[in-house]
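Reproduced below: input_10.txt, with compact mmCIF, C-alpha atoms.
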```txt
# COMPACT_ATOMS: atom_id res chain seq x y z
CA LEU X 1 128.44 110.13 182.68
CA ILE X 2 126.89 112.75 180.41
CA GLN X 3 130.01 112.86 178.22
CA ARG X 4 129.90 109.05 177.86
CA TRP X 5 126.25 109.19 176.83
CA ARG X 6 127.05 111.76 174.17
CA GLU X 7 129.91 109.64 172.85
CA ASN X 8 127.38 106.84 172.41
CA GLY X 9 124.92 109.09 170.57
CA CYS X 10 122.53 109.70 173.45
CA ILE X 11 121.77 113.40 173.90
CA PRO X 12 119.29 113.77 176.76
CA ASN X 13 116.94 116.74 176.74
CA VAL X 14 116.03 116.26 180.38
CA ILE X 15 117.62 114.25 183.18
CA TRP X 16 117.10 113.87 186.94
CA MET X 17 120.28 113.87 189.03
CA THR X 18 121.14 115.06 192.53
CA PRO X 19 123.91 117.43 191.32
CA SER X 20 121.27 119.62 189.66
CA THR X 21 120.96 121.46 192.96
CA TRP X 22 124.72 121.88 193.41
CA GLY X 23 127.17 124.45 192.10
CA TRP X 24 128.21 122.04 189.34
CA ALA X 25 124.83 122.44 187.67
CA ASP X 26 125.01 126.21 188.02
CA ARG X 27 128.28 126.21 186.09
CA ASN X 28 127.03 123.65 183.54
CA ALA X 29 123.36 124.58 183.09
CA ASP X 30 123.70 124.46 179.31
CA VAL X 31 125.08 120.89 179.30
CA VAL X 32 121.64 119.34 179.76
CA PRO X 33 118.77 121.74 179.25
CA PHE X 34 115.95 121.22 181.74
CA PHE X 35 118.24 119.36 184.18
CA GLN X 36 116.12 118.20 187.16
CA GLY X 37 116.96 117.12 190.67
CA GLY X 38 115.87 117.05 194.24
CA GLY X 39 117.08 118.50 197.46
CA GLN X 40 115.86 119.53 200.84
CA TRP X 41 115.63 123.29 200.51
CA HIS X 42 115.23 125.97 197.85
CA GLU X 43 115.58 129.71 198.35
CA VAL X 44 111.95 130.36 197.34
CA PHE X 45 110.58 128.23 200.20
CA ASP X 46 108.52 130.39 202.53
CA TYR X 47 108.44 127.95 205.44
CA SER X 48 109.00 129.80 208.70
CA ASP X 49 109.88 129.22 212.34
CA ASP X 50 109.61 131.43 215.43
CA PHE X 51 112.50 133.65 214.33
CA PHE X 52 112.55 133.90 210.54
CA GLN X 53 109.85 134.01 207.87
CA SER X 54 111.98 132.01 205.43
CA GLY X 55 115.41 130.53 204.87
CA LYS X 56 116.18 133.40 202.53
CA GLN X 57 115.40 135.87 205.34
CA LEU X 58 117.86 133.96 207.57
CA LEU X 59 120.55 134.27 204.89
CA GLU X 60 119.89 137.99 204.47
CA PHE X 61 120.10 138.45 208.26
CA ASN X 62 123.40 136.56 208.26
CA LEU X 63 124.73 138.87 205.53
CA GLN X 64 123.68 141.98 207.43
CA LYS X 65 124.99 140.77 210.80
CA PHE X 66 128.19 138.98 209.77
CA GLY X 67 128.93 140.16 206.22
CA TYR X 68 128.50 136.65 204.86
CA MET X 69 125.39 135.53 202.97
CA GLY X 70 125.78 131.80 203.45
CA ALA X 71 123.84 129.22 201.48
CA TYR X 72 122.05 125.90 201.89
CA ASP X 73 124.49 124.69 204.59
CA MET X 74 123.80 127.78 206.69
CA VAL X 75 120.05 127.06 206.60
CA VAL X 76 120.71 123.39 207.46
CA GLY X 77 122.97 124.17 210.43
CA TYR X 78 120.55 126.71 211.83
CA SER X 79 117.52 124.46 211.34
CA ILE X 80 119.14 121.48 213.09
CA ALA X 81 119.89 123.57 216.17
CA ILE X 82 116.40 125.10 216.22
CA LEU X 83 114.74 121.69 215.76
CA PHE X 84 116.80 120.27 218.63
CA ALA X 85 115.81 123.22 220.83
CA GLN X 86 112.14 122.66 219.94
CA HIS X 87 112.58 119.00 220.82
CA LEU X 88 113.93 119.86 224.29
CA VAL X 89 111.21 122.43 224.93
CA SER X 90 108.58 119.90 223.93
CA SER X 91 110.15 117.12 226.03
CA TYR X 92 110.22 119.17 229.22
CA ARG X 93 107.28 121.53 228.80
CA ILE X 94 105.15 119.90 231.52
CA SER X 95 107.97 118.90 233.88
CA ASP X 96 108.24 120.93 237.09
CA PHE X 97 111.73 119.63 237.80
CA PRO X 98 113.38 118.58 234.53
CA LEU X 99 116.45 116.39 234.84
CA VAL X 100 118.03 117.36 231.56
CA ALA X 101 121.65 116.57 232.47
CA GLU X 102 120.63 113.17 233.84
CA ASP X 103 118.58 112.40 230.73
CA PHE X 104 121.61 113.01 228.53
CA THR X 105 123.77 110.63 230.56
CA SER X 106 121.45 107.70 231.26
CA GLU X 107 119.89 105.03 229.07
CA THR X 108 116.46 105.75 230.52
CA GLY X 109 116.78 109.48 229.82
CA TYR X 110 118.10 108.86 226.33
CA GLU X 111 115.13 106.59 225.63
CA LYS X 112 112.75 109.29 226.91
CA LEU X 113 114.29 111.86 224.57
CA ARG X 114 114.22 109.42 221.64
CA ARG X 115 110.54 108.65 222.20
CA ASP X 116 109.71 112.34 222.55
CA MET X 117 111.36 112.98 219.18
CA LEU X 118 109.09 110.38 217.58
CA VAL X 119 105.99 112.43 218.37
CA LEU X 120 107.50 115.88 217.81
CA ASN X 121 105.72 118.15 215.35
CA ALA X 122 107.60 121.33 214.55
CA ASN X 123 107.85 124.07 211.96
CA THR X 124 111.28 124.65 210.45
CA LEU X 125 112.74 126.63 207.58
CA PHE X 126 112.69 123.31 205.70
CA GLY X 127 108.97 122.91 206.32
CA PRO X 128 106.93 120.92 208.80
CA PHE X 129 108.75 118.18 210.72
CA SER X 130 107.01 114.96 211.80
CA LEU X 131 108.16 111.36 211.77
CA ASN X 132 106.23 108.37 210.49
CA GLU X 133 106.27 104.81 211.87
CA TYR X 134 109.63 104.23 210.12
CA GLN X 135 111.12 107.33 211.77
CA ARG X 136 111.31 109.21 208.46
CA ASN X 137 110.41 112.86 208.20
CA VAL X 138 107.12 113.05 206.33
CA GLY X 139 106.32 116.68 207.08
CA ARG X 140 106.61 117.63 203.40
CA GLY X 141 107.91 116.42 200.07
CA ALA X 142 111.37 117.01 198.66
CA ALA X 143 112.43 120.20 196.97
CA GLY X 144 112.27 119.39 193.27
CA THR X 145 114.20 121.71 190.99
CA GLN X 146 114.61 122.17 187.27
CA TRP X 147 116.90 124.37 185.22
CA GLN X 148 114.58 126.36 182.98
CA PRO X 149 115.22 129.08 180.41
CA LYS X 150 115.35 132.56 181.87
CA GLY X 151 112.25 134.47 180.92
CA HIS X 152 110.33 131.16 180.69
CA SER X 153 111.13 130.44 177.05
CA ASN X 154 114.32 132.08 175.82
CA ALA X 155 117.22 129.65 176.29
CA SER X 156 119.61 132.19 174.72
CA LEU X 157 119.35 134.15 177.98
CA GLY X 158 120.65 131.13 179.89
CA TYR X 159 119.02 128.92 182.48
CA GLU X 160 118.02 129.38 186.11
CA ASN X 161 117.24 126.87 188.85
CA LYS X 162 113.47 126.90 189.52
CA CYS X 163 111.60 125.18 192.36
CA ILE X 164 109.01 122.78 190.91
CA SER X 165 107.95 120.93 194.11
CA PRO X 166 106.42 120.55 196.59
CA PHE X 167 103.47 122.09 194.78
CA THR X 168 102.64 124.44 197.68
CA GLN X 169 106.09 126.04 197.28
CA ALA X 170 106.68 125.65 193.53
CA GLU X 171 107.49 128.75 191.53
CA ALA X 172 107.25 127.01 188.15
CA ALA X 173 105.70 123.97 186.50
CA THR X 174 107.89 121.15 185.23
CA ILE X 175 108.85 121.51 181.58
CA VAL X 176 109.06 118.25 179.64
CA PRO X 177 110.80 119.04 176.36
CA ALA X 178 109.77 117.13 173.27
CA SER X 179 112.28 118.08 170.60
CA ALA X 180 110.78 115.60 168.13
CA ALA X 181 107.26 116.95 168.60
CA LEU X 182 105.35 118.21 165.61
CA HIS X 183 102.69 120.88 165.74
CA CYS X 184 99.27 119.26 165.98
CA PRO X 185 96.39 121.76 165.90
CA ALA X 186 92.98 120.81 167.27
CA GLY X 187 91.03 118.54 164.93
CA SER X 188 94.11 117.05 163.25
CA PHE X 189 96.45 114.16 164.00
CA ILE X 190 100.08 113.24 163.46
CA SER X 191 100.80 110.02 161.63
CA TYR X 192 102.93 107.67 163.70
CA ASN X 193 105.03 107.05 160.56
CA LEU X 194 106.23 110.69 160.64
CA ILE X 195 107.79 110.37 164.07
CA GLN X 196 109.31 106.86 163.97
```
As structure tokens, please, write out the structure in this file.
Amino acid sequence: LIQRWRENGCIPNVIWMTPSTWGWADRNADVVPFFQGGGQWHEVFDYSDDFFQSGKQLLEFNLQKFGYMGAYDMVVGYSIAILFAQHLVSSYRISDFPLVAEDFTSETGYEKLRRDMLVLNANTLFGPFSLNEYQRNVGRGAAGTQWQPKGHSNASLGYENKCISPFTQAEAATIVPASAALHCPAGSFISYNLIQ
């Protein structure tokens, strides 16, 4: 897509695409400076659960214990299992005689578990979990990322993937490049004719 744009004379300075959080963007960070995208997790997130203070701490534990650092998928897999465990604990916390096996094999039990999930509030390494009336997780916003010059301004050093949202977790502000911008000191103006 980007190559086709360039063939047609369009050279974007900034673009929002899902692959900006993938390995492709890491290998092609100089293709579109300030490449932006969204995901579900970023290594700077400091959301915690009962076992780890952050997803990064989980990955470091994994490296120490198993010799393998892991990445996003490791945090996802772990968080799904922990969320499911929190769901079961919440579902049966006031039951003296829980019928867990029966609930997993009957329509009535399945419906009980489904309804209990709708009101579950939990903390995960992805952030707070809670569902809205459409059964969508609204615990927090997406992880917005942007490839920004290393050292905040020197593109010759390369680019690095920075977390720009949600604002409570952001490590950097969004940069909106304006390559056609002209310096405009206070008290002056730029004629529209100069930038047509």
The distance between atom CA of Phe52 of chain X and atom CA of Ser91 of chain X is 23.0 Å
Problem set entry | Nearby residues (all atoms listed in the file) at most 6 Å from segment 135-150 of chain X, same-chain spacing under 4 positions excluded, as a list in words |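 In the requested format, the answer is Phe34, Phe35, Gln36, Gly37, Gly38, Gly39, Gln40, Trp41, Pro128, Phe129, Ser130, Leu131, Asn154, Ala155, Leu157, Gly158, Tyr159, Glu160, Asn161, Lys162, Cys163, Ile164, Ser165 and Pro166 of chain X.
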Of X:Leu99, X:Val75, X:Ile80, X:Ile15, the one sitting nearest Val176 of chain X when using only C-alpha atoms is X:Ile15
Of the candidates X:Thr105, X:Asn62, X:Gln53, X:Asn121, which one gets nearest to Val89 of chain X if we count only C-alpha atoms?
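Ranked by minimum distance to Val89 of chain X, first place goes to X:Asn121.
Put simply, atom CA of Gly70 of chain X is 27.1 Å away from atom CA of Pro33 of chain X.
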Between atom CA of Leu58 of chain X and atom CA of Ala71 of chain X lies a distance of 9.8 Å
Could you give me the centre and size, in Å to one decimal, of an axis-aligned box around all listed atoms of segment 83-87 of chain X with 6 Å added on every side, as AutoDock Vina command-line options?
```
--center_x 114.5 --center_y 121.1 --center_z 218.3 --size_x 16.7 --size_y 16.2 --size_z 17.1
```
With distances taken over only C-alpha atoms, the candidate from X:Ile175, X:Ile2, X:Leu59, X:Val119 nearest Val76 of chain X is X:Leu59
Counting all atoms listed in the file, the residue of X:Leu125, X:Met117, X:Ala170, X:Cys10 that sits nearest Met74 of chain X
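Checking each candidate against Met74 of chain X, we get X:Leu125 as the closest.
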- Query: Closest to Glu133 of chain X among X:Val31, X:Trp5, X:Arg115, X:Leu88, using only C-alpha atoms?
  - Reply: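 Checking each of X:Val31, X:Trp5, X:Arg115, X:Leu88 against Glu133 of chain X, counting only C-alpha atoms, the winner is X:Arg115.
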Closest of X:Ser54, X:Leu63, X:Thr174, X:Asp103 to Thr124 of chain X, counting all atoms listed in the file, is X:Ser54
Segment 140-166 of chain X rebuilt with N, CA and C atoms, output as a PDB file, keeping the file's coordinate frame:
```
ATOM      1  N   ARG X 140     106.822 117.068 204.739  1.00  0.00           N
ATOM      2  CA  ARG X 140     106.610 117.630 203.400  1.00  0.00           C
ATOM      3  C   ARG X 140     107.440 116.859 202.400  1.00  0.00           C
ATOM      4  N   GLY X 141     107.163 117.071 201.134  1.00  0.00           N
ATOM      5  CA  GLY X 141     107.910 116.420 200.070  1.00  0.00           C
ATOM      6  C   GLY X 141     109.250 117.100 199.824  1.00  0.00           C
ATOM      7  N   ALA X 142     110.046 116.482 198.988  1.00  0.00           N
ATOM      8  CA  ALA X 142     111.370 117.010 198.660  1.00  0.00           C
ATOM      9  C   ALA X 142     111.262 118.283 197.820  1.00  0.00           C
ATOM     10  N   ALA X 143     112.337 119.014 197.813  1.00  0.00           N
ATOM     11  CA  ALA X 143     112.430 120.200 196.970  1.00  0.00           C
ATOM     12  C   ALA X 143     112.862 119.760 195.582  1.00  0.00           C
ATOM     13  N   GLY X 144     111.934 119.722 194.644  1.00  0.00           N
ATOM     14  CA  GLY X 144     112.270 119.390 193.270  1.00  0.00           C
ATOM     15  C   GLY X 144     112.677 120.655 192.533  1.00  0.00           C
ATOM     16  N   THR X 145     113.726 120.544 191.743  1.00  0.00           N
ATOM     17  CA  THR X 145     114.200 121.710 190.990  1.00  0.00           C
ATOM     18  C   THR X 145     114.380 121.344 189.524  1.00  0.00           C
ATOM     19  N   GLN X 146     114.344 122.358 188.700  1.00  0.00           N
ATOM     20  CA  GLN X 146     114.610 122.170 187.270  1.00  0.00           C
ATOM     21  C   GLN X 146     115.246 123.437 186.729  1.00  0.00           C
ATOM     22  N   TRP X 147     116.289 123.244 185.915  1.00  0.00           N
ATOM     23  CA  TRP X 147     116.900 124.370 185.220  1.00  0.00           C
ATOM     24  C   TRP X 147     116.014 124.709 184.032  1.00  0.00           C
ATOM     25  N   GLN X 148     115.496 125.926 184.031  1.00  0.00           N
ATOM     26  CA  GLN X 148     114.580 126.360 182.980  1.00  0.00           C
ATOM     27  C   GLN X 148     115.114 127.635 182.335  1.00  0.00           C
ATOM     28  N   PRO X 149     114.749 127.865 181.076  1.00  0.00           N
ATOM     29  CA  PRO X 149     115.220 129.080 180.410  1.00  0.00           C
ATOM     30  C   PRO X 149     114.791 130.329 181.167  1.00  0.00           C
ATOM     31  N   LYS X 150     115.700 131.285 181.262  1.00  0.00           N
ATOM     32  CA  LYS X 150     115.350 132.560 181.870  1.00  0.00           C
ATOM     33  C   LYS X 150     114.270 133.225 181.032  1.00  0.00           C
ATOM     34  N   GLY X 151     113.335 133.850 181.655  1.00  0.00           N
ATOM     35  CA  GLY X 151     112.250 134.470 180.920  1.00  0.00           C
ATOM     36  C   GLY X 151     111.249 133.458 180.412  1.00  0.00           C
ATOM     37  N   HIS X 152     111.276 132.244 180.946  1.00  0.00           N
ATOM     38  CA  HIS X 152     110.330 131.160 180.690  1.00  0.00           C
ATOM     39  C   HIS X 152     110.454 130.500 179.323  1.00  0.00           C
ATOM     40  N   SER X 153     111.092 131.108 178.347  1.00  0.00           N
ATOM     41  CA  SER X 153     111.130 130.440 177.050  1.00  0.00           C
ATOM     42  C   SER X 153     112.386 130.737 176.230  1.00  0.00           C
ATOM     43  N   ASN X 154     113.197 131.680 176.637  1.00  0.00           N
ATOM     44  CA  ASN X 154     114.320 132.080 175.820  1.00  0.00           C
ATOM     45  C   ASN X 154     115.626 131.490 176.345  1.00  0.00           C
ATOM     46  N   ALA X 155     116.008 130.329 175.833  1.00  0.00           N
ATOM     47  CA  ALA X 155     117.220 129.650 176.290  1.00  0.00           C
ATOM     48  C   ALA X 155     118.473 130.468 175.988  1.00  0.00           C
ATOM     49  N   SER X 156     118.421 131.388 175.034  1.00  0.00           N
ATOM     50  CA  SER X 156     119.610 132.190 174.720  1.00  0.00           C
ATOM     51  C   SER X 156     119.987 133.107 175.877  1.00  0.00           C
ATOM     52  N   LEU X 157     119.055 133.341 176.794  1.00  0.00           N
ATOM     53  CA  LEU X 157     119.350 134.150 177.980  1.00  0.00           C
ATOM     54  C   LEU X 157     120.000 133.328 179.085  1.00  0.00           C
ATOM     55  N   GLY X 158     120.091 132.019 178.880  1.00  0.00           N
ATOM     56  CA  GLY X 158     120.650 131.130 179.890  1.00  0.00           C
ATOM     57  C   GLY X 158     119.547 130.423 180.664  1.00  0.00           C
ATOM     58  N   TYR X 159     119.952 129.699 181.677  1.00  0.00           N
ATOM     59  CA  TYR X 159     119.020 128.920 182.480  1.00  0.00           C
ATOM     60  C   TYR X 159     119.112 129.343 183.940  1.00  0.00           C
ATOM     61  N   GLU X 160     118.029 129.108 184.679  1.00  0.00           N
ATOM     62  CA  GLU X 160     118.020 129.380 186.110  1.00  0.00           C
ATOM     63  C   GLU X 160     117.328 128.228 186.825  1.00  0.00           C
ATOM     64  N   ASN X 161     117.755 127.985 188.062  1.00  0.00           N
ATOM     65  CA  ASN X 161     117.240 126.870 188.850  1.00  0.00           C
ATOM     66  C   ASN X 161     115.896 127.262 189.466  1.00  0.00           C
ATOM     67  N   LYS X 162     114.817 126.606 189.040  1.00  0.00           N
ATOM     68  CA  LYS X 162     113.470 126.900 189.520  1.00  0.00           C
ATOM     69  C   LYS X 162     112.980 125.781 190.436  1.00  0.00           C
ATOM     70  N   CYS X 163     112.221 126.147 191.449  1.00  0.00           N
ATOM     71  CA  CYS X 163     111.600 125.180 192.360  1.00  0.00           C
ATOM     72  C   CYS X 163     110.304 124.683 191.714  1.00  0.00           C
ATOM     73  N   ILE X 164     110.197 123.352 191.534  1.00  0.00           N
ATOM     74  CA  ILE X 164     109.010 122.780 190.910  1.00  0.00           C
ATOM     75  C   ILE X 164     108.194 121.905 191.869  1.00  0.00           C
ATOM     76  N   SER X 165     108.700 121.671 193.085  1.00  0.00           N
ATOM     77  CA  SER X 165     107.950 120.930 194.110  1.00  0.00           C
ATOM     78  C   SER X 165     108.572 121.178 195.469  1.00  0.00           C
ATOM     79  N   PRO X 166     107.808 120.998 196.555  1.00  0.00           N
ATOM     80  CA  PRO X 166     106.420 120.550 196.590  1.00  0.00           C
ATOM     81  C   PRO X 166     105.494 121.620 195.995  1.00  0.00           C
TER      82      PRO X 166
END
```
